[in-house]
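So this one's start_39.tsv, TSV, C-alpha atoms and all ligand atoms:
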chain	number	residue	atom	x	y	z
A	1	MET	CA	4.16	8.10	-2.14
A	2	SER	CA	2.21	10.20	0.31
A	3	LYS	CA	-1.24	9.15	1.45
A	4	ALA	CA	-4.17	11.54	1.43
A	5	LEU	CA	-5.70	12.28	4.80
A	6	TYR	CA	-9.41	11.55	4.38
A	7	SER	CA	-10.81	14.67	2.80
A	8	PHE	CA	-8.14	16.98	4.17
A	9	VAL	CA	-5.97	19.02	1.93
A	10	MET	CA	-2.67	20.35	3.10
A	11	ASP	CA	-2.17	24.12	3.15
A	12	ALA	CA	-5.91	24.73	2.69
A	13	PRO	CA	-8.33	26.81	4.79
A	14	GLU	CA	-9.62	25.39	8.07
A	15	VAL	CA	-11.83	22.35	7.81
A	16	PRO	CA	-14.26	21.25	10.56
A	17	THR	CA	-13.49	17.73	11.75
A	18	THR	CA	-13.93	15.22	14.56
A	19	ILE	CA	-10.90	13.12	13.61
A	20	SER	CA	-8.47	13.27	16.48
A	21	PRO	CA	-5.41	15.50	16.16
A	22	ALA	CA	-3.24	12.48	17.08
A	23	ILE	CA	-4.23	10.74	13.82
A	24	ILE	CA	-3.61	13.86	11.79
A	25	LYS	CA	-0.22	14.46	13.42
A	26	MET	CA	0.82	10.89	12.60
A	27	ARG	CA	-0.20	11.27	8.98
A	28	LEU	CA	1.62	14.59	8.60
A	29	ARG	CA	4.83	13.02	9.90
A	30	GLU	CA	4.40	9.89	7.82
A	31	ASN	CA	3.94	11.98	4.67
A	32	LEU	CA	6.83	14.35	5.18
A	33	VAL	CA	9.56	12.59	7.10
A	34	GLY	CA	11.18	10.88	4.09
A	35	ASP	CA	12.74	7.41	3.87
A	36	GLY	CA	16.37	8.06	4.84
A	37	PRO	CA	17.95	7.63	8.28
A	38	ILE	CA	16.78	10.24	10.76
A	39	LYS	CA	17.58	11.33	14.29
A	40	VAL	CA	14.55	12.83	16.02
A	41	LEU	CA	14.55	15.14	19.02
A	42	ASP	CA	11.05	14.87	20.46
A	43	THR	CA	10.83	17.95	22.66
A	44	TYR	CA	7.38	17.13	24.10
A	45	TYR	CA	7.47	13.37	24.51
A	46	LYS	CA	4.53	11.55	26.07
A	47	ASN	CA	4.58	7.85	27.01
A	48	GLY	CA	3.69	5.72	24.00
A	49	GLY	CA	4.10	8.85	21.87
A	50	LEU	CA	3.98	9.50	18.17
A	51	TRP	CA	7.51	8.61	17.10
A	52	PRO	CA	7.79	5.12	18.63
A	53	LYS	CA	4.38	4.34	17.05
A	54	LEU	CA	5.43	5.71	13.70
A	55	LYS	CA	8.71	3.82	13.75
A	56	LYS	CA	6.85	0.57	14.41
A	57	GLN	CA	4.11	1.27	11.90
A	58	LEU	CA	6.53	2.12	9.10
A	59	LYS	CA	8.84	-0.76	10.09
A	60	ARG	CA	11.77	1.64	10.15
A	61	SER	CA	15.06	0.61	11.74
A	62	ASN	CA	16.74	3.88	10.68
A	63	VAL	CA	14.83	6.15	13.07
A	64	GLU	CA	16.65	7.19	16.23
A	65	ILE	CA	14.60	9.07	18.85
A	66	LEU	CA	15.79	11.19	21.76
A	67	ARG	CA	12.92	12.05	24.08
A	68	ILE	CA	12.53	15.03	26.37
A	69	THR	CA	9.76	15.19	28.90
A	70	GLU	CA	9.08	16.70	32.29
A	71	LYS	CA	8.85	13.45	34.24
A	72	LYS	CA	10.48	10.05	33.92
A	73	GLY	CA	8.71	7.75	31.47
A	74	ASP	CA	9.31	4.94	28.99
A	75	GLY	CA	12.51	5.42	27.03
A	76	VAL	CA	12.94	9.00	28.22
A	77	THR	CA	16.53	10.08	28.22
A	78	LEU	CA	16.24	13.75	29.04
A	79	VAL	CA	14.01	14.62	31.97
A	80	GLY	CA	13.24	18.26	32.66
A	81	ASN	CA	12.53	21.51	30.92
A	82	ASN	CA	12.73	21.15	27.15
A	83	VAL	CA	13.71	24.80	26.53
A	84	LYS	CA	16.78	24.46	28.73
A	85	TYR	CA	17.90	21.33	26.87
A	86	VAL	CA	17.26	22.79	23.43
A	87	LYS	CA	19.14	25.97	24.30
A	88	SER	CA	22.17	24.22	25.69
A	89	LEU	CA	22.71	21.01	23.67
A	90	ASP	CA	24.77	20.55	20.54
A	91	LEU	CA	21.93	19.70	18.16
A	92	SER	CA	23.99	19.26	15.01
A	93	GLY	CA	23.26	15.51	14.85
A	94	PHE	CA	19.47	15.92	14.75
A	95	THR	CA	17.62	15.94	11.46
A	96	VAL	CA	14.07	16.13	12.86
A	97	PHE	CA	12.65	18.25	15.69
A	98	ASP	CA	9.21	17.54	17.06
A	99	VAL	CA	7.50	20.42	18.82
A	100	ASP	CA	4.08	19.00	19.66
A	101	SER	CA	3.39	21.53	22.35
A	102	PRO	CA	0.15	21.49	24.34
A	103	GLY	CA	0.38	25.27	24.76
A	104	SER	CA	2.53	27.72	22.87
A	105	PRO	CA	5.51	26.35	20.92
A	106	TYR	CA	7.19	29.78	21.03
A	107	ALA	CA	9.93	29.05	23.56
A	108	VAL	CA	11.01	25.72	22.05
A	109	LEU	CA	10.78	26.88	18.44
A	110	SER	CA	12.80	29.99	19.13
A	111	ALA	CA	15.37	27.93	21.07
A	112	ILE	CA	15.73	25.61	18.04
A	113	LEU	CA	15.90	28.47	15.54
A	114	ASN	CA	18.42	30.39	17.64
A	115	ASN	CA	20.62	27.37	18.34
A	116	ARG	CA	23.38	27.79	15.75
A	117	THR	CA	24.36	24.10	15.95
A	118	VAL	CA	21.10	23.23	14.15
A	119	LYS	CA	21.87	22.68	10.47
A	120	ASN	CA	19.52	21.13	7.92
A	121	ALA	CA	16.46	19.85	9.74
A	122	LYS	CA	12.76	19.16	9.49
A	123	VAL	CA	10.50	20.61	12.16
A	124	PHE	CA	7.01	19.36	13.05
A	125	PHE	CA	4.91	21.65	15.22
A	126	THR	CA	1.43	21.98	16.73
A	127	LEU	CA	-0.44	25.23	17.24
A	128	ASN	CA	-3.35	25.00	19.65
A	129	ARG	CA	-3.47	27.76	22.18
A	130	ILE	CA	-1.81	30.20	19.85
A	131	MET	CA	-4.68	29.72	17.37
A	132	ASN	CA	-7.37	30.10	20.02
A	133	GLY	CA	-6.92	33.58	21.32
A	134	GLY	CA	-3.88	32.94	23.44
A	135	LEU	CA	-1.46	34.42	20.93
A	136	ASP	CA	1.97	34.33	22.45
A	137	SER	CA	2.77	37.93	23.28
A	138	LYS	CA	6.50	37.24	23.06
A	139	MET	CA	6.08	36.30	19.42
A	140	LEU	CA	4.27	39.57	18.83
A	141	TYR	CA	6.95	41.57	20.63
A	142	ASP	CA	9.56	39.88	18.40
A	143	LEU	CA	7.52	41.14	15.45
A	144	GLY	CA	7.74	44.68	16.76
A	145	PHE	CA	4.36	45.09	18.49
A	146	SER	CA	4.44	47.10	21.69
A	147	LYS	CA	2.67	45.91	24.85
A	148	LYS	CA	0.12	48.68	24.41
A	149	MET	CA	-0.58	47.71	20.83
A	150	VAL	CA	-0.97	44.02	21.67
A	151	LYS	CA	-3.55	44.90	24.30
A	152	ALA	CA	-5.42	47.28	22.02
A	153	VAL	CA	-5.70	45.11	18.91
A	154	ARG	CA	-5.75	41.59	20.38
A	155	PRO	CA	-9.00	40.52	18.59
A	156	ILE	CA	-7.54	41.50	15.21
A	157	LEU	CA	-4.29	39.73	16.05
A	158	LYS	CA	-6.30	36.63	16.96
A	159	GLU	CA	-7.89	36.61	13.48
A	160	LYS	CA	-4.45	36.89	11.93
A	161	ALA	CA	-2.73	34.40	14.24
A	162	PHE	CA	-1.47	32.06	11.55
A	163	ASP	CA	-0.27	34.85	9.26
A	164	LEU	CA	1.60	36.35	12.18
A	165	PHE	CA	3.13	32.98	12.97
A	166	LYS	CA	4.29	32.69	9.35
A	167	GLY	CA	5.72	36.21	9.56
A	168	TRP	CA	7.56	35.30	12.74
A	169	LEU	CA	9.12	32.23	11.06
A	170	GLY	CA	10.02	34.39	8.07
A	171	ARG	CA	12.36	36.36	10.32
A	172	TYR	CA	14.44	33.15	10.54
A	173	GLY	CA	14.41	32.65	6.78
A	174	ILE	CA	11.58	30.09	6.84
A	175	LYS	CA	9.45	30.90	3.82
A	176	SER	CA	7.52	27.72	3.25
A	177	LEU	CA	5.16	25.77	5.53
A	178	LYS	CA	3.03	22.68	5.14
A	179	TYR	CA	0.07	22.22	7.44
A	180	TYR	CA	-3.35	20.86	8.16
A	181	ALA	CA	-5.73	23.54	9.46
A	182	LEU	CA	-8.44	21.99	11.61
A	183	LYS	CA	-11.49	23.21	13.44
A	184	TYR	CA	-12.86	21.27	16.40
A	185	ASP	CA	-15.74	21.88	18.85
A	186	TRP	CA	-13.10	22.98	21.33
A	187	GLY	CA	-11.23	25.28	18.97
A	188	LYS	CA	-8.59	25.32	16.24
A	189	CYS	CA	-5.57	23.12	15.84
A	190	TYR	CA	-2.90	23.56	13.19
A	191	CYS	CA	-0.52	20.65	12.64
A	192	GLY	CA	2.43	21.79	10.59
A	193	PHE	CA	5.90	21.35	9.20
A	194	PHE	CA	8.82	23.43	7.91
A	195	GLU	CA	12.46	22.91	7.03
A	196	ILE	CA	15.56	24.69	8.25
A	197	SER	CA	18.41	24.90	5.74
A	198	ARG	CA	21.73	26.42	6.79
B	1	LIG	C1	0.85	17.19	23.96
B	1	LIG	S1	1.88	16.04	24.81
B	1	LIG	C2	2.88	15.54	23.53
B	1	LIG	C3	2.35	14.39	22.78
B	1	LIG	C4	3.41	13.64	22.10
B	1	LIG	N1	4.16	14.42	21.15
B	1	LIG	C5	2.94	12.38	21.48
B	1	LIG	O1	3.77	11.72	21.01
B	1	LIG	O2	1.76	12.02	21.49
B	1	LIG	C6	2.92	17.03	25.80
B	1	LIG	C7	3.97	16.30	26.61
B	1	LIG	O3	5.06	17.20	26.80
B	1	LIG	C8	5.41	17.27	28.17
B	1	LIG	N2	5.82	18.66	28.45
B	1	LIG	C9	5.03	19.75	28.55
B	1	LIG	N3	5.75	20.85	28.80
B	1	LIG	C10	7.05	20.45	28.84
B	1	LIG	C11	8.29	21.12	29.09
B	1	LIG	N4	8.33	22.43	29.29
B	1	LIG	N5	9.43	20.41	29.05
B	1	LIG	C12	9.41	19.08	28.83
B	1	LIG	N6	8.27	18.38	28.60
B	1	LIG	C13	7.10	19.06	28.61
B	1	LIG	C14	4.17	16.87	28.93
B	1	LIG	O4	4.50	16.33	30.18
B	1	LIG	C15	3.53	15.85	27.98
B	1	LIG	O5	4.04	14.56	28.24

Could the structure of this file be written out as structure tokens, please?
Amino acid sequence: MSKALYSFVMDAPEVPTTISPAIIKMRLRENLVGDGPIKVLDTYYKNGGLWPKLKKQLKRSNVEILRITEKKGDGVTLVGNNVKYVKSLDLSGFTVFDVDSPGSPYAVLSAILNNRTVKNAKVFFTLNRIMNGGLDSKMLYDLGFSKKMVKAVRPILKEKAFDLFKGWLGRYGIKSLKYYALKYDWGKCYCGFFEISR
């Protein structure tokens, strides 16, 4: 049974809030991760991060976590650049990918989606920068925009950032997303989820 998140509704227009994204990210994962055994690849791990907390909170013994981060930390197994790991590893054993990127998730998401060893999996993602004017040009080029066009219509593209993101995922056969759309003093943050089925 999924819990409601205060007054937030999933897949609804942006809502202004002061509740920290960390709380919202936890709730999204708690609601959508399911009860069965899972193996999580946390591509942006931070010490004391979301998944160890969630595992403890839900009293789950069937959650295995592999952590990637730039520098050595608690329980970190893979130290270094996440994109390089995601591109090169056999990921067939993972059922959950966490892409809680502080900037653009483009490189890690495309590495996951292009890694043919990925089979059926759940993906949690965060869009911050991409929703705040820093639209990832590479995503736009993938969608067929030229450099000139991106420069010329950037304000319009900013308004349409989330639609463009959905269109970009659609190219990989992802047709359905779940998300919380949030508006803070400092800008927008979208915390979302989709499934890969192959
Ligand atoms: C926004 S935090 C992630 C928060 C985390 N998911 C949690 O559980 O609360 C970003 C983390 O990813 C790491 N990171 C950022 N860029 C990275 C990269 N290219 N490769 C590996 N780790 C990266 C940072 O060092 C930081 O620890």

Self-check item: Neighbour list for segment 91-93 of chain A as an MDAnalysis selection string, cut-off 9 Å, only C-alpha atoms, skip fewer than 3 positions in-chain
Solution: chainID A and resid 39 41 86 88 112 115:120

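With only C-alpha atoms and all ligand atoms as the basis for measurement, A:Val79 is the residue among A:Ala111, A:Val79, A:Val9, A:Val96 that approaches ligand LIG 1 (chain B) most closely.
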
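Put simply, atom CA of Pro37 of chain A is 4.6 Å away from atom CA of Asn62 of chain A.
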
Quiz prompt | Shell around segment 128-145 of chain A at 8 Å using only C-alpha atoms, local window under 2 positions removed, as a PyMOL selection string | solution = chain A and resi 102-104+106+126+147+149-150+155+157-158+161-162+164-165+167-168+187-190

Would you mind exporting C-alpha atoms of the selected residues as a short mmCIF file (atom, residue, chain, number, x, y, z; two decimals), in the frame of the given file?
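selection-v2.cif was written with the following content:
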data_model
loop_
_atom_site.label_atom_id
_atom_site.label_comp_id
_atom_site.auth_asym_id
_atom_site.auth_seq_id
_atom_site.Cartn_x
_atom_site.Cartn_y
_atom_site.Cartn_z
CA PRO A 102 0.15 21.49 24.34
CA GLY A 103 0.38 25.27 24.76
CA SER A 104 2.53 27.72 22.87
CA TYR A 106 7.19 29.78 21.03
CA THR A 126 1.43 21.98 16.73
CA LYS A 147 2.67 45.91 24.85
CA MET A 149 -0.58 47.71 20.83
CA VAL A 150 -0.97 44.02 21.67
CA PRO A 155 -9.00 40.52 18.59
CA LEU A 157 -4.29 39.73 16.05
CA LYS A 158 -6.30 36.63 16.96
CA ALA A 161 -2.73 34.40 14.24
CA PHE A 162 -1.47 32.06 11.55
CA LEU A 164 1.60 36.35 12.18
CA PHE A 165 3.13 32.98 12.97
CA GLY A 167 5.72 36.21 9.56
CA TRP A 168 7.56 35.30 12.74
CA GLY A 187 -11.23 25.28 18.97
CA LYS A 188 -8.59 25.32 16.24
CA CYS A 189 -5.57 23.12 15.84
CA TYR A 190 -2.90 23.56 13.19
#

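Going from atom CA of Tyr184 of chain A over to atom CA of Ser101 of chain A, you cover 17.3 Å.
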
Contacts of ligand LIG 1 (chain B), 9 Å or closer, all atoms listed in the file, given as a PDB file with C-alpha atoms, in the frame of the given file:
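The resulting file, out-v6.pdb, is reproduced below:
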ATOM      1  CA  ALA A  22      -3.240  12.480  17.080  1.00  0.00           C
ATOM      2  CA  LYS A  25      -0.220  14.460  13.420  1.00  0.00           C
ATOM      3  CA  MET A  26       0.820  10.890  12.600  1.00  0.00           C
ATOM      4  CA  ASP A  42      11.050  14.870  20.460  1.00  0.00           C
ATOM      5  CA  THR A  43      10.830  17.950  22.660  1.00  0.00           C
ATOM      6  CA  TYR A  44       7.380  17.130  24.100  1.00  0.00           C
ATOM      7  CA  TYR A  45       7.470  13.370  24.510  1.00  0.00           C
ATOM      8  CA  LYS A  46       4.530  11.550  26.070  1.00  0.00           C
ATOM      9  CA  ASN A  47       4.580   7.850  27.010  1.00  0.00           C
ATOM     10  CA  GLY A  48       3.690   5.720  24.000  1.00  0.00           C
ATOM     11  CA  GLY A  49       4.100   8.850  21.870  1.00  0.00           C
ATOM     12  CA  LEU A  50       3.980   9.500  18.170  1.00  0.00           C
ATOM     13  CA  TRP A  51       7.510   8.610  17.100  1.00  0.00           C
ATOM     14  CA  PRO A  52       7.790   5.120  18.630  1.00  0.00           C
ATOM     15  CA  LYS A  53       4.380   4.340  17.050  1.00  0.00           C
ATOM     16  CA  ILE A  68      12.530  15.030  26.370  1.00  0.00           C
ATOM     17  CA  THR A  69       9.760  15.190  28.900  1.00  0.00           C
ATOM     18  CA  GLU A  70       9.080  16.700  32.290  1.00  0.00           C
ATOM     19  CA  LYS A  71       8.850  13.450  34.240  1.00  0.00           C
ATOM     20  CA  GLY A  73       8.710   7.750  31.470  1.00  0.00           C
ATOM     21  CA  LEU A  78      16.240  13.750  29.040  1.00  0.00           C
ATOM     22  CA  VAL A  79      14.010  14.620  31.970  1.00  0.00           C
ATOM     23  CA  GLY A  80      13.240  18.260  32.660  1.00  0.00           C
ATOM     24  CA  ASN A  81      12.530  21.510  30.920  1.00  0.00           C
ATOM     25  CA  ASN A  82      12.730  21.150  27.150  1.00  0.00           C
ATOM     26  CA  VAL A  83      13.710  24.800  26.530  1.00  0.00           C
ATOM     27  CA  LYS A  84      16.780  24.460  28.730  1.00  0.00           C
ATOM     28  CA  TYR A  85      17.900  21.330  26.870  1.00  0.00           C
ATOM     29  CA  ASP A  98       9.210  17.540  17.060  1.00  0.00           C
ATOM     30  CA  VAL A  99       7.500  20.420  18.820  1.00  0.00           C
ATOM     31  CA  ASP A 100       4.080  19.000  19.660  1.00  0.00           C
ATOM     32  CA  SER A 101       3.390  21.530  22.350  1.00  0.00           C
ATOM     33  CA  PRO A 102       0.150  21.490  24.340  1.00  0.00           C
ATOM     34  CA  GLY A 103       0.380  25.270  24.760  1.00  0.00           C
ATOM     35  CA  ALA A 107       9.930  29.050  23.560  1.00  0.00           C
ATOM     36  CA  VAL A 108      11.010  25.720  22.050  1.00  0.00           C
ATOM     37  CA  THR A 126       1.430  21.980  16.730  1.00  0.00           C
TER      38      THR A 126
END
